[in-house]
>>> print(open('coords_6.txt').read())   # compact mmCIF, C-alpha atoms and all ligand atoms
# COMPACT_ATOMS: atom_id res chain seq x y z
CA MET A 1 2.05 -59.43 -13.37
CA LYS A 2 4.37 -60.25 -10.48
CA ALA A 3 3.04 -62.08 -7.43
CA ASP A 4 4.35 -61.53 -3.91
CA LEU A 5 5.22 -65.16 -3.29
CA VAL A 6 5.49 -68.10 -5.66
CA ILE A 7 6.17 -71.67 -4.61
CA ARG A 8 6.94 -73.91 -7.61
CA ASN A 9 8.27 -77.38 -8.39
CA ALA A 10 6.07 -78.94 -5.71
CA ARG A 11 3.90 -82.02 -5.38
CA VAL A 12 0.67 -80.06 -4.86
CA VAL A 13 -1.91 -82.03 -2.89
CA THR A 14 -5.56 -81.14 -2.30
CA HIS A 15 -8.46 -83.21 -0.96
CA ALA A 16 -9.36 -84.03 -4.56
CA GLY A 17 -5.97 -85.21 -5.83
CA GLU A 18 -2.52 -83.99 -6.74
CA PHE A 19 -0.35 -82.57 -9.54
CA HIS A 20 3.15 -81.18 -10.05
CA GLY A 21 3.38 -77.40 -9.97
CA GLY A 22 2.84 -74.66 -7.47
CA VAL A 23 0.93 -71.75 -6.03
CA ALA A 24 1.17 -67.97 -6.45
CA VAL A 25 0.17 -65.61 -3.67
CA GLU A 26 -0.65 -61.91 -3.67
CA GLY A 27 -1.19 -60.23 -0.34
CA GLU A 28 -3.16 -62.65 1.77
CA ARG A 29 -4.78 -64.63 -1.02
CA ILE A 30 -3.94 -67.33 -3.54
CA VAL A 31 -4.01 -65.95 -7.10
CA ALA A 32 -2.92 -69.02 -9.07
CA VAL A 33 -2.63 -72.77 -8.63
CA ALA A 34 -1.00 -74.22 -11.70
CA ALA A 35 1.81 -76.09 -13.44
CA ASP A 36 5.16 -74.33 -13.07
CA ASP A 37 5.22 -72.76 -16.54
CA ALA A 38 1.76 -71.26 -16.03
CA LEU A 39 2.69 -69.52 -12.74
CA PRO A 40 3.66 -65.82 -12.70
CA ASN A 41 7.01 -64.67 -11.37
CA GLY A 42 7.17 -63.73 -7.71
CA THR A 43 8.96 -61.13 -5.62
CA ARG A 44 9.92 -64.11 -3.50
CA GLU A 45 10.34 -67.43 -5.28
CA ILE A 46 10.63 -70.75 -3.46
CA ASP A 47 11.78 -73.86 -5.29
CA ALA A 48 10.05 -76.68 -3.41
CA ASP A 49 12.37 -79.23 -5.00
CA GLY A 50 9.58 -81.79 -5.21
CA LEU A 51 8.36 -81.48 -1.61
CA ALA A 52 4.64 -81.83 -0.89
CA LEU A 53 2.61 -78.60 -0.79
CA LEU A 54 -0.65 -78.93 1.16
CA PRO A 55 -3.37 -76.56 2.33
CA GLY A 56 -2.52 -75.44 5.87
CA VAL A 57 -3.87 -77.73 8.56
CA ILE A 58 -7.13 -76.58 10.14
CA ASP A 59 -7.25 -77.89 13.67
CA PRO A 60 -10.90 -77.70 14.69
CA HIS A 61 -10.32 -78.85 18.26
CA CYS A 62 -8.03 -77.36 20.88
CA HIS A 63 -8.16 -75.66 24.28
CA LEU A 64 -5.99 -72.66 25.16
CA GLY A 65 -5.99 -70.47 28.25
CA VAL A 66 -7.22 -73.29 30.48
CA ASN A 67 -4.35 -73.41 33.01
CA TYR A 68 -1.83 -70.88 31.71
CA PRO A 69 -2.88 -67.29 30.95
CA TYR A 70 -4.90 -67.11 27.74
CA ASP A 71 -2.79 -64.36 26.14
CA GLU A 72 0.39 -66.34 26.75
CA ASP A 73 -1.11 -69.57 25.33
CA MET A 74 -2.39 -67.72 22.28
CA ARG A 75 1.12 -66.46 21.66
CA ASP A 76 3.38 -69.46 22.34
CA GLN A 77 0.99 -72.28 21.49
CA THR A 78 0.08 -70.80 18.12
CA ALA A 79 3.80 -70.52 17.39
CA ALA A 80 4.03 -74.26 18.12
CA ALA A 81 1.03 -74.79 15.84
CA ALA A 82 2.66 -72.84 13.00
CA SER A 83 5.74 -75.07 13.31
CA GLY A 84 3.41 -78.04 12.83
CA GLY A 85 1.89 -76.70 9.61
CA ILE A 86 -1.33 -75.59 11.32
CA THR A 87 -2.73 -72.32 9.95
CA THR A 88 -6.13 -72.12 11.65
CA ILE A 89 -7.26 -73.35 15.07
CA LEU A 90 -10.74 -73.50 16.50
CA LEU A 91 -10.94 -73.36 20.29
CA TYR A 92 -13.58 -75.09 22.36
CA ILE A 93 -14.05 -72.59 25.16
CA ARG A 94 -16.25 -72.62 28.24
CA ASN A 95 -17.72 -69.89 30.36
CA LYS A 96 -20.00 -70.36 33.35
CA ALA A 97 -21.30 -66.78 33.35
CA GLU A 98 -24.83 -66.23 32.15
CA SER A 99 -23.81 -64.74 28.79
CA TYR A 100 -21.15 -65.55 26.21
CA ILE A 101 -21.07 -62.08 24.62
CA PRO A 102 -18.59 -60.34 26.98
CA PHE A 103 -16.47 -63.51 27.10
CA TYR A 104 -16.33 -63.63 23.29
CA GLU A 105 -15.34 -59.98 23.03
CA GLU A 106 -12.54 -60.36 25.55
CA ARG A 107 -11.24 -63.65 24.11
CA ARG A 108 -11.35 -62.40 20.55
CA ALA A 109 -9.52 -59.13 21.34
CA VAL A 110 -6.79 -60.76 23.42
CA GLY A 111 -6.46 -63.51 20.83
CA GLU A 112 -6.00 -61.06 17.96
CA GLU A 113 -3.23 -59.30 19.86
CA ASN A 114 -1.22 -62.48 20.23
CA VAL A 115 -1.85 -65.18 17.64
CA HIS A 116 0.49 -66.22 14.84
CA ILE A 117 -2.29 -67.87 12.83
CA ASP A 118 -6.05 -67.51 12.42
CA PHE A 119 -8.40 -68.74 15.11
CA GLY A 120 -12.07 -69.08 15.96
CA PHE A 121 -14.39 -70.41 18.63
CA HIS A 122 -16.95 -73.01 19.56
CA PHE A 123 -18.88 -72.35 22.78
CA GLY A 124 -19.65 -74.93 25.46
CA ILE A 125 -23.17 -75.08 26.85
CA GLN A 126 -22.61 -74.91 30.63
CA ARG A 127 -25.99 -73.70 31.89
CA GLU A 128 -29.57 -73.35 30.68
CA GLU A 129 -29.18 -69.64 29.90
CA HIS A 130 -26.62 -70.53 27.23
CA VAL A 131 -29.25 -72.51 25.32
CA TYR A 132 -31.59 -69.53 25.32
CA GLU A 133 -28.77 -67.21 24.26
CA ILE A 134 -27.87 -69.12 21.08
CA PRO A 135 -29.72 -66.84 18.59
CA ARG A 136 -28.11 -63.75 20.14
CA ILE A 137 -24.68 -65.39 20.15
CA VAL A 138 -24.98 -66.18 16.45
CA GLU A 139 -26.07 -62.62 15.71
CA GLU A 140 -23.47 -60.84 17.82
CA THR A 141 -20.42 -63.12 17.55
CA GLY A 142 -20.81 -65.20 14.40
CA VAL A 143 -20.13 -68.37 16.41
CA ARG A 144 -22.49 -71.08 15.14
CA SER A 145 -20.93 -74.09 16.78
CA PHE A 146 -21.92 -75.30 20.26
CA LYS A 147 -20.58 -78.12 22.37
CA LEU A 148 -22.13 -80.32 25.02
CA TYR A 149 -20.17 -82.56 27.35
CA PHE A 150 -21.09 -85.98 28.62
CA GLY A 151 -18.88 -88.29 30.66
CA TYR A 152 -17.82 -85.72 33.26
CA GLU A 153 -18.80 -86.95 36.70
CA PRO A 154 -19.92 -84.32 39.28
CA ASP A 155 -16.45 -84.04 40.93
CA ASN A 156 -14.41 -84.10 37.69
CA PRO A 157 -10.96 -82.48 38.01
CA ILE A 158 -11.51 -79.79 35.37
CA GLY A 159 -14.85 -78.45 36.52
CA ILE A 160 -16.89 -79.17 33.40
CA VAL A 161 -20.67 -79.09 33.85
CA PRO A 162 -22.01 -82.24 32.18
CA ALA A 163 -24.94 -81.97 29.79
CA THR A 164 -28.36 -83.51 30.17
CA ASP A 165 -30.27 -85.00 27.25
CA GLY A 166 -32.64 -82.06 27.73
CA TRP A 167 -29.86 -79.56 27.10
CA VAL A 168 -28.77 -81.47 23.99
CA TYR A 169 -32.29 -81.73 22.62
CA ALA A 170 -33.04 -78.04 23.21
CA THR A 171 -29.69 -76.96 21.77
CA MET A 172 -30.08 -79.10 18.67
CA ARG A 173 -33.66 -77.90 18.13
CA THR A 174 -32.40 -74.30 18.04
CA VAL A 175 -29.19 -74.89 16.08
CA ALA A 176 -31.06 -76.92 13.43
CA GLY A 177 -32.64 -73.65 12.28
CA ILE A 178 -29.34 -71.76 12.01
CA PRO A 179 -27.62 -71.85 8.60
CA GLY A 180 -24.15 -73.34 9.15
CA GLY A 181 -25.01 -74.29 12.72
CA VAL A 182 -23.51 -77.43 14.23
CA VAL A 183 -23.53 -79.16 17.62
CA SER A 184 -20.46 -81.01 18.93
CA VAL A 185 -20.82 -83.63 21.62
CA HIS A 186 -18.30 -85.28 23.93
CA CYS A 187 -19.80 -88.74 23.88
CA GLU A 188 -19.38 -90.86 27.00
CA ASN A 189 -22.23 -92.12 29.16
CA THR A 190 -21.94 -90.01 32.33
CA GLY A 191 -23.89 -92.35 34.60
CA ILE A 192 -22.01 -95.51 33.68
CA ALA A 193 -18.61 -93.77 33.80
CA THR A 194 -19.39 -92.33 37.25
CA TRP A 195 -20.44 -95.76 38.57
CA LEU A 196 -17.42 -97.60 37.14
CA LYS A 197 -15.04 -94.92 38.39
CA GLY A 198 -16.24 -95.68 41.92
CA GLU A 199 -15.60 -99.40 41.40
CA LEU A 200 -12.12 -98.93 39.91
CA MET A 201 -11.09 -96.37 42.54
CA ALA A 202 -12.02 -98.87 45.24
CA THR A 203 -9.50 -101.37 43.84
CA GLY A 204 -6.65 -98.97 44.61
CA ARG A 205 -5.30 -99.21 41.04
CA GLN A 206 -3.28 -96.23 39.79
CA ASP A 207 -2.23 -97.49 36.36
CA LEU A 208 -3.35 -95.75 33.18
CA GLY A 209 -5.31 -98.85 32.13
CA ALA A 210 -7.53 -98.52 35.22
CA TYR A 211 -8.70 -95.10 34.02
CA THR A 212 -9.48 -96.56 30.58
CA GLU A 213 -11.35 -99.49 32.12
CA SER A 214 -13.41 -97.08 34.24
CA ARG A 215 -14.91 -95.65 31.01
CA PRO A 216 -15.09 -98.53 28.51
CA ALA A 217 -15.56 -98.04 24.78
CA PHE A 218 -19.23 -99.03 25.00
CA CYS A 219 -19.87 -95.87 27.08
CA GLU A 220 -18.83 -93.87 24.03
CA VAL A 221 -20.63 -96.00 21.43
CA GLU A 222 -23.88 -95.82 23.42
CA THR A 223 -23.77 -92.03 23.63
CA VAL A 224 -22.84 -91.61 19.96
CA GLN A 225 -25.92 -93.65 19.08
CA ARG A 226 -28.11 -91.56 21.41
CA MET A 227 -26.77 -88.29 19.94
CA ILE A 228 -27.39 -89.56 16.41
CA THR A 229 -30.99 -90.26 17.43
CA LEU A 230 -31.38 -86.69 18.72
CA ALA A 231 -29.67 -85.23 15.63
CA GLU A 232 -32.02 -87.22 13.41
CA LEU A 233 -35.10 -86.12 15.39
CA THR A 234 -34.16 -82.45 15.30
CA GLY A 235 -32.44 -82.29 11.90
CA CYS A 236 -29.36 -80.75 13.51
CA PRO A 237 -25.84 -81.33 12.14
CA LEU A 238 -23.76 -83.33 14.65
CA TYR A 239 -19.98 -83.34 15.09
CA VAL A 240 -18.67 -86.16 17.28
CA VAL A 241 -15.40 -84.96 18.82
CA HIS A 242 -12.37 -87.09 19.73
CA THR A 243 -13.75 -90.52 18.86
CA THR A 244 -11.79 -93.37 20.47
CA ALA A 245 -14.09 -96.35 19.90
CA ALA A 246 -13.96 -98.25 16.62
CA GLY A 247 -17.64 -99.13 17.10
CA ALA A 248 -18.76 -95.52 16.66
CA PRO A 249 -17.81 -94.60 13.06
CA PRO A 250 -19.92 -97.37 11.44
CA LEU A 251 -23.00 -96.07 13.35
CA ALA A 252 -22.37 -92.60 11.98
CA GLU A 253 -22.04 -93.96 8.46
CA LEU A 254 -25.35 -95.82 8.72
CA ALA A 255 -26.96 -92.60 9.91
CA ARG A 256 -25.42 -90.62 7.03
CA ALA A 257 -26.99 -93.12 4.63
CA ARG A 258 -30.37 -92.16 6.17
CA GLY A 259 -29.59 -88.49 5.60
CA VAL A 260 -28.34 -87.54 9.08
CA ASP A 261 -25.58 -84.93 8.87
CA VAL A 262 -23.02 -86.44 11.26
CA THR A 263 -19.22 -86.15 11.16
CA ILE A 264 -16.79 -88.29 13.14
CA GLU A 265 -13.55 -86.72 14.39
CA THR A 266 -10.65 -88.59 15.93
CA CYS A 267 -7.26 -87.43 17.24
CA PRO A 268 -3.64 -88.41 16.54
CA HIS A 269 -3.20 -89.96 19.99
CA TYR A 270 -6.06 -92.45 19.53
CA LEU A 271 -4.39 -93.55 16.29
CA THR A 272 -0.91 -93.98 17.70
CA ARG A 273 -0.82 -94.81 21.43
CA THR A 274 -2.54 -97.24 23.80
CA CYS A 275 -3.18 -97.09 27.54
CA TYR A 276 -1.05 -100.20 27.94
CA ASP A 277 2.08 -98.75 26.25
CA GLU A 278 4.93 -99.39 28.66
CA ASP A 279 6.45 -95.92 28.52
CA LEU A 280 3.17 -94.24 29.53
CA ASP A 281 1.77 -93.68 33.03
CA MET A 282 -1.08 -91.70 34.64
CA ARG A 283 0.29 -88.50 33.10
CA ALA A 284 -0.99 -89.81 29.78
CA LYS A 285 -4.54 -89.50 31.11
CA ILE A 286 -6.74 -88.00 28.39
CA SER A 287 -10.48 -87.49 28.22
CA PRO A 288 -11.74 -89.73 26.67
CA PRO A 289 -9.00 -92.27 27.43
CA LEU A 290 -6.39 -93.94 25.27
CA ARG A 291 -7.61 -97.44 24.42
CA ASP A 292 -6.03 -100.75 23.41
CA ARG A 293 -4.39 -101.87 20.15
CA ASN A 294 -7.66 -103.34 18.79
CA GLU A 295 -9.41 -100.00 19.01
CA VAL A 296 -6.42 -98.22 17.44
CA GLU A 297 -6.45 -100.56 14.45
CA GLY A 298 -10.25 -100.37 14.28
CA LEU A 299 -10.06 -96.58 13.99
CA TRP A 300 -7.56 -96.89 11.14
CA ARG A 301 -9.95 -99.28 9.37
CA ALA A 302 -12.72 -96.71 9.85
CA ILE A 303 -10.48 -94.06 8.27
CA PHE A 304 -9.80 -96.29 5.27
CA ALA A 305 -13.54 -97.01 5.02
CA GLY A 306 -14.19 -93.25 4.82
CA GLN A 307 -16.15 -93.27 8.09
CA VAL A 308 -13.78 -90.97 10.01
CA ARG A 309 -13.75 -87.68 8.15
CA SER A 310 -12.09 -85.19 10.46
CA LEU A 311 -9.04 -84.87 12.69
CA GLY A 312 -8.60 -82.64 15.72
CA SER A 313 -5.61 -82.40 18.03
CA ASP A 314 -7.46 -81.81 21.34
CA HIS A 315 -4.26 -79.93 22.24
CA VAL A 316 -4.41 -78.60 25.80
CA PRO A 317 -1.42 -77.30 27.78
CA PHE A 318 -1.83 -78.07 31.48
CA PHE A 319 0.66 -77.33 34.24
CA PRO A 320 3.18 -80.18 34.62
CA LYS A 321 1.21 -83.19 35.80
CA LYS A 322 1.92 -84.50 39.26
CA GLY A 323 1.83 -88.25 38.62
CA GLU A 324 0.51 -88.80 42.16
CA ASP A 325 -3.15 -89.75 41.89
CA LEU A 326 -4.67 -91.17 38.73
CA TRP A 327 -8.20 -90.06 39.66
CA LYS A 328 -7.28 -86.44 40.41
CA GLU A 329 -4.83 -86.00 37.49
CA LYS A 330 -6.00 -83.51 34.86
CA PRO A 331 -6.73 -85.10 31.49
CA GLY A 332 -5.05 -83.74 28.37
CA ILE A 333 -1.87 -83.57 26.29
CA VAL A 334 -0.23 -81.27 23.74
CA SER A 335 0.34 -82.19 20.09
CA PHE A 336 0.32 -79.18 17.72
CA PRO A 337 3.90 -79.67 16.41
CA TRP A 338 3.56 -83.42 15.81
CA GLU A 339 0.05 -83.91 14.48
CA LEU A 340 1.10 -83.84 10.84
CA PRO A 341 4.31 -85.92 11.27
CA LEU A 342 2.35 -88.50 13.32
CA LEU A 343 -0.31 -88.87 10.64
CA ILE A 344 2.22 -89.00 7.82
CA THR A 345 4.37 -91.58 9.61
CA GLU A 346 1.58 -93.84 10.85
CA GLY A 347 -0.96 -93.20 8.11
CA VAL A 348 0.81 -92.35 4.88
CA HIS A 349 4.09 -94.27 5.26
CA LYS A 350 3.06 -97.21 7.43
CA ARG A 351 -0.47 -97.88 6.19
CA GLY A 352 -0.58 -96.37 2.70
CA LEU A 353 -3.08 -93.59 3.39
CA PRO A 354 -3.24 -91.33 0.31
CA LEU A 355 -2.03 -87.81 1.09
CA SER A 356 -5.22 -86.42 -0.42
CA ARG A 357 -7.22 -88.30 2.22
CA LEU A 358 -5.08 -86.75 4.92
CA VAL A 359 -5.76 -83.30 3.45
CA GLU A 360 -9.46 -84.13 3.37
CA MET A 361 -9.41 -85.00 7.08
CA ASN A 362 -7.24 -82.19 8.37
CA SER A 363 -8.19 -79.27 6.12
CA TYR A 364 -11.15 -79.80 3.82
CA THR A 365 -13.66 -81.42 6.18
CA PRO A 366 -13.02 -79.10 9.15
CA ALA A 367 -13.27 -76.07 6.83
CA ARG A 368 -16.60 -77.26 5.42
CA ARG A 369 -18.04 -78.41 8.71
CA PHE A 370 -17.34 -75.12 10.45
CA GLY A 371 -18.26 -72.73 7.66
CA LEU A 372 -14.75 -71.71 6.55
CA TYR A 373 -14.74 -73.30 3.09
CA PRO A 374 -13.68 -72.28 0.41
CA ARG A 375 -11.91 -69.35 2.00
CA LYS A 376 -9.96 -71.97 3.94
CA GLY A 377 -9.27 -75.66 3.29
CA ALA A 378 -8.91 -75.09 -0.45
CA LEU A 379 -6.04 -74.44 -2.84
CA GLN A 380 -7.74 -72.21 -5.38
CA PRO A 381 -7.61 -68.58 -6.49
CA GLY A 382 -9.37 -66.36 -3.97
CA ALA A 383 -8.74 -68.63 -1.00
CA ASP A 384 -6.62 -67.49 1.93
CA ALA A 385 -2.97 -68.33 1.27
CA ASP A 386 -2.66 -70.91 4.07
CA LEU A 387 -0.04 -73.43 2.99
CA VAL A 388 2.37 -75.99 4.37
CA LEU A 389 5.39 -77.43 2.61
CA VAL A 390 6.20 -80.92 3.88
CA ASP A 391 9.34 -83.01 3.55
CA LEU A 392 7.74 -86.46 3.46
CA ASP A 393 11.07 -88.22 3.93
CA GLY A 394 12.60 -85.98 6.57
CA GLU A 395 13.17 -88.01 9.72
CA ARG A 396 13.41 -86.53 13.19
CA GLU A 397 12.89 -87.47 16.79
CA VAL A 398 10.17 -85.77 18.83
CA VAL A 399 11.66 -83.38 21.36
CA HIS A 400 9.25 -81.47 23.57
CA ALA A 401 10.39 -78.31 25.28
CA GLY A 402 7.29 -76.20 25.90
CA LYS A 403 4.22 -76.44 28.10
CA GLY A 404 2.01 -79.43 28.72
CA THR A 405 2.42 -83.18 28.53
CA CYS A 406 3.81 -84.84 25.39
CA ILE A 407 3.27 -88.58 24.95
CA TYR A 408 5.48 -88.86 21.86
CA GLU A 409 8.88 -87.85 23.29
CA GLY A 410 11.66 -89.81 21.61
CA MET A 411 9.48 -91.22 18.81
CA LYS A 412 11.12 -91.15 15.39
CA LEU A 413 8.73 -89.63 12.87
CA ARG A 414 9.11 -89.32 9.11
CA GLY A 415 7.40 -86.42 7.29
CA TRP A 416 7.87 -82.97 8.81
CA PRO A 417 6.64 -79.49 7.84
CA VAL A 418 9.50 -77.29 6.63
CA LEU A 419 7.63 -74.09 5.77
CA THR A 420 4.26 -72.67 6.79
CA VAL A 421 2.44 -69.77 5.13
CA ALA A 422 -0.45 -68.18 7.05
CA ARG A 423 -2.62 -65.77 5.07
CA GLY A 424 0.24 -65.01 2.69
CA ARG A 425 2.93 -64.59 5.31
CA VAL A 426 5.75 -67.08 5.85
CA VAL A 427 5.44 -67.78 9.57
CA TYR A 428 7.71 -70.81 9.85
CA GLU A 429 10.88 -71.75 7.96
CA ASN A 430 14.38 -73.08 8.67
CA GLY A 431 13.09 -74.50 11.95
CA GLU A 432 12.09 -71.06 13.27
CA VAL A 433 8.75 -69.36 13.82
CA ASP A 434 8.77 -65.67 12.84
CA PRO A 435 8.36 -63.82 16.16
CA ASP A 436 6.98 -60.79 14.30
CA ALA A 437 4.01 -62.89 13.18
CA ALA A 438 2.53 -62.76 16.70
CA GLY A 439 -0.60 -60.62 16.60
CA ARG A 440 -1.05 -61.07 12.83
CA GLY A 441 -3.70 -63.76 13.04
CA GLN A 442 -7.40 -62.94 12.81
CA CYS A 443 -10.56 -64.26 14.38
CA VAL A 444 -12.55 -66.18 11.78
CA THR A 445 -15.70 -66.42 13.88
CA ARG A 446 -17.04 -62.90 13.67
CA PRO A 447 -20.47 -61.32 13.24
CA SER A 448 -21.65 -61.47 9.62
CA GLY A 449 -21.22 -58.20 7.82
CA VAL A 450 -17.94 -57.44 9.60
CA PRO A 451 -15.19 -57.82 7.01
CA ALA A 452 -12.05 -59.77 7.93
ZN ZN B 1 -11.27 -81.32 23.78
>>> encode(input="coords_6.txt", output="C-alpha cells")
Amino acid sequence: MKADLVIRNARVVTHAGEFHGGVAVEGERIVAVAADDALPNGTREIDADGLALLPGVIDPHCHLGVNYPYDEDMRDQTAAAASGGITTILLYIRNKAESYIPFYEERRAVGEENVHIDFGFHFGIQREEHVYEIPRIVEETGVRSFKLYFGYEPDNPIGIVPATDGWVYATMRTVAGIPGGVVSVHCENTGIATWLKGELMATGRQDLGAYTESRPAFCEVETVQRMITLAELTGCPLYVVHTTAAGAPPLAELARARGVDVTIETCPHYLTRTCYDEDLDMRAKISPPLRDRNEVEGLWRAIFAGQVRSLGSDHVPFFPKKGEDLWKEKPGIVSFPWELPLLITEGVHKRGLPLSRLVEMNSYTPARRFGLYPRKGALQPGADADLVLVDLDGEREVVHAGKGTCIYEGMKLRGWPVLTVARGRVVYENGEVDPDAAGRGQCVTRPSGVPA
C-alpha cells in the first residue's frame, strides 16, 4: 500500500502524550499513526527532522465578516489562520433578523466558496424569536451551539444586543435537551459595567487602563458564578468564552466537581499582554479588557491547575482603529498567525507547559466541546488529516501586514508552524499559503444526515 502523504521522523504530540514517528494520510483522512518503520511509503514523503507534529489547531472562537466583506475575510483571514497552524475555525456570528436559517444558508455557501480550512458556526441569541427557533435551527443547520452576551451597554460601539437572565435561562432550558448542545456566555455584569463606564468617562481619561477599570474583574467573576448557577439548574453544558479573570476558573472547577458541565476558555492576549503595557494604547481595546500582570499570572496558574481547558483567539479584523476616543473605539484584535507561537513561547518555553497540554487546550477540548471529536482534534486512523508541523526553536519577530489591529508587533517569538495540512492537503509550507486551497474548506456545522 502507498499512502498519498507520509510525514515521518517527527516528535508526534497528542493530548495524551507523545512518541517519535509519524503519520500517513490517504485522501482527506489519516490512515496510520506509528513509529517510522511501521508507516507505509507515500507518494509524497516529508522528513520532519525531529520537528513537532501536532493535530491542527481548532480555533473555536473568531469573528469574520464583521467590518470587511464576509467573503473577503473568509478568504484572506483563513489563509492567515492556515499560516498559524489552524485547520478549523468556529465563528460566533450574529443576526438580528427573526430567523437564522436564511443567514446560515448564505454564510455557509459564501464560506465554502472562499475558505482555505474547515469552518463552522455558533449563533448569537439577539432577540426572543431566536430562543424559540433553537429546535428548528438544530434540525435545519446542525448548529448546536448558542451564545449570549452580557457586558454590552445599550450604546455599545458594535451594536450587540445584551442578554437578560431570562434569555439565558430559556436558552439553557432548551439546549439542555439537545444532544451535543452547548451555551456560550460572554460574562461581564452589564449593569455594573454600564454604571462604571459613566463614572470613568466623566473623568476624561483616555488611557487603556481606564477602559479596564470601567469593567473590573469582579464583573466577570460575578457573571461566571451566575451562569454556573443557571447551568446547574437547567443541566445545560456551559462554555465560558474569553476568560480574563483569574478568579473565574476555580469557580468552574468547583462546579465541575458537583457535576456541572462547564468549560473555561481564555485567549492568547489575556496570557501575554496587560492594559498597562507601555507600547499599547486605546487601539488595544478588547472586549473583555486586557487586565494587569496579577491576572495574567493567575490565568497561567489556572492553566497549570487544569482549570482552563480551552483556548480561542477571538480574532476579529476591524477597520484600522482611529485612536481618537477610547469609549467609541471598537474592541477587538487579530491573532490567527501568532496564537501558536505565543503559546509556545510564553507557555512551553517560558513556563514549562507540556506540549500535550497545549494540544489538549487548542485541539482536543474544542473538538470535544463542539461535537467534532474524533473526526477532528485527534491523531488516529479515520480522523481528518488536519496537522501542523512546528519548529519549536525557530525564532522570528512578529510582523503584521494584513487587516485589523495586532498587539504583538515586534515581539520575538520562538516556536513557529512550518507546514500545515488541512484535510489531507498541504495548505501552508515554505512561508507560503497555497492560493489554490481557497474554496477547499468545508462547513462542519451541517444538518445531520448530510455527508461532508
Ligand atoms: Zn468574541
>>> axis_aligned_box(input="coords_6.txt", around="stretch 142-148 of chain A", padding_each_side="4 Å", output="AutoDock Vina command-line options")
--center_x -21.3 --center_y -72.8 --center_z 19.7 --size_x 10.4 --size_y 23.1 --size_z 18.6
>>> residues_near_ligand(input="coords_6.txt", ligand="ligand ZN 1 (chain B)", cutoff="8 Å", atoms="all atoms listed in the file", output="list in words")
His61, Cys62, His63, Tyr92, Val241, His242, Ser287, Asp314, His315 and Val316 of chain A
>>> residues_around(input="coords_6.txt", residues="A:Ile89", least_positions_apart="2", cutoff="8 Å", atoms="all atoms listed in the file", output="list of chain:residue names")
A:Ile58, A:Asp59, A:Pro60, A:His61, A:Cys62, A:Ile86, A:Thr87, A:Leu91, A:Ile117, A:Asp118, A:Phe119, A:Gly120
>>> closest_residue(input="coords_6.txt", among="A:Ile286, A:Ile344, A:Ala302, A:Val66", to="A:Gly247", atoms="all atoms listed in the file")
A:Ala302
>>> closest_residue(input="coords_6.txt", among="A:Pro288, A:Val398, A:Thr88, A:Val224", to="A:Leu372", atoms="all atoms listed in the file")
A:Thr88
>>> residues_around(input="coords_6.txt", residues="stretch 19-30 of chain A", least_positions_apart="2", cutoff="6 Å", atoms="all atoms listed in the file", output="PyMOL selection string")
chain A and resi 3-12+32-36+381-385+423-424
>>> closest_residue(input="coords_6.txt", among="A:Ser310, A:His116, A:Pro317, A:Val260", to="A:Ala82", atoms="all atoms listed in the file")
A:His116
>>> residues_near_point(input="coords_6.txt", point="(0.0, -79.5, 20.3)", cutoff="7 Å", atoms="all atoms listed in the file", output="PyMOL selection string")
chain A and resi 80-81+313+315+334-338
>>> residues_around(input="coords_6.txt", residues="A:Arg369", least_positions_apart="6", cutoff="12 Å", atoms="all atoms listed in the file", output="PyMOL selection string")
chain A and resi 58-60+90+144-145+179-184+237-240+261-265+309-311+360-363+376-377
>>> closest_residue(input="coords_6.txt", among="A:Val115, A:Ala52, A:Ile101, A:Leu353", to="A:Pro435", atoms="only C-alpha atoms")
A:Val115
>>> atom_distance(input="coords_6.txt", atom1="atom CA of A:Lys330", atom2="atom CA of A:Leu208")
12.6 Å
>>> atom_distance(input="coords_6.txt", atom1="atom CA of A:Ala284", atom2="atom CA of A:Gly332")
7.4 Å
>>> closest_residue(input="coords_6.txt", among="A:Ile178, A:Lys322, A:Leu230, A:Pro40", to="A:Gly166", atoms="only C-alpha atoms")
A:Leu230
>>> residues_around(input="coords_6.txt", residues="A:Asp207", least_positions_apart="5", cutoff="12 Å", atoms="all atoms listed in the file", output="number ranges by chain")
A: 200-201, 212-214, 275-285, 323-327, 329
>>> closest_residue(input="coords_6.txt", among="A:Val138, A:Ile158, A:Leu340, A:Ala48", to="A:Cys267", atoms="all atoms listed in the file")
A:Leu340
>>> atom_distance(input="coords_6.txt", atom1="atom CA of A:Gln225", atom2="atom CA of A:Glu295")
17.7 Å
>>> residues_around(input="coords_6.txt", residues="A:Ile303", least_positions_apart="2", cutoff="12 Å", atoms="only C-alpha atoms", output="PyMOL selection string")
chain A and resi 243+246+248-250+253+264-267+271+296-301+305-311+343+347-348+351-354+357-358+360-361
>>> decode(input="coords_6.txt", residues="stretch 90-95 of chain A", atoms="N, CA, C and O atoms", output="JSON list (two decimals), in the first residue's frame")
[["chain", "number", "residue", "atom", "x", "y", "z"],
["A", 90, "LEU", "N", -14.25, 28.11, 14.27],
["A", 90, "LEU", "CA", -15.69, 28.23, 14.54],
["A", 90, "LEU", "C", -16.00, 29.70, 14.75],
["A", 90, "LEU", "O", -15.36, 30.37, 15.57],
["A", 91, "LEU", "N", -16.95, 30.20, 13.98],
["A", 91, "LEU", "CA", -17.28, 31.62, 14.02],
["A", 91, "LEU", "C", -18.49, 31.88, 14.91],
["A", 91, "LEU", "O", -19.52, 31.21, 14.77],
["A", 92, "TYR", "N", -18.35, 32.84, 15.83],
["A", 92, "TYR", "CA", -19.52, 33.34, 16.54],
["A", 92, "TYR", "C", -20.15, 34.39, 15.65],
["A", 92, "TYR", "O", -19.55, 35.43, 15.39],
["A", 93, "ILE", "N", -21.34, 34.10, 15.13],
["A", 93, "ILE", "CA", -21.97, 35.09, 14.25],
["A", 93, "ILE", "C", -23.32, 35.52, 14.82],
["A", 93, "ILE", "O", -23.98, 34.79, 15.55],
["A", 94, "ARG", "N", -23.68, 36.74, 14.45],
["A", 94, "ARG", "CA", -24.91, 37.36, 14.95],
["A", 94, "ARG", "C", -25.77, 37.82, 13.80],
["A", 94, "ARG", "O", -25.27, 38.19, 12.74],
["A", 95, "ASN", "N", -27.06, 37.81, 14.04],
["A", 95, "ASN", "CA", -28.05, 38.16, 13.03],
["A", 95, "ASN", "C", -29.23, 38.71, 13.80],
["A", 95, "ASN", "O", -29.70, 38.08, 14.75]]
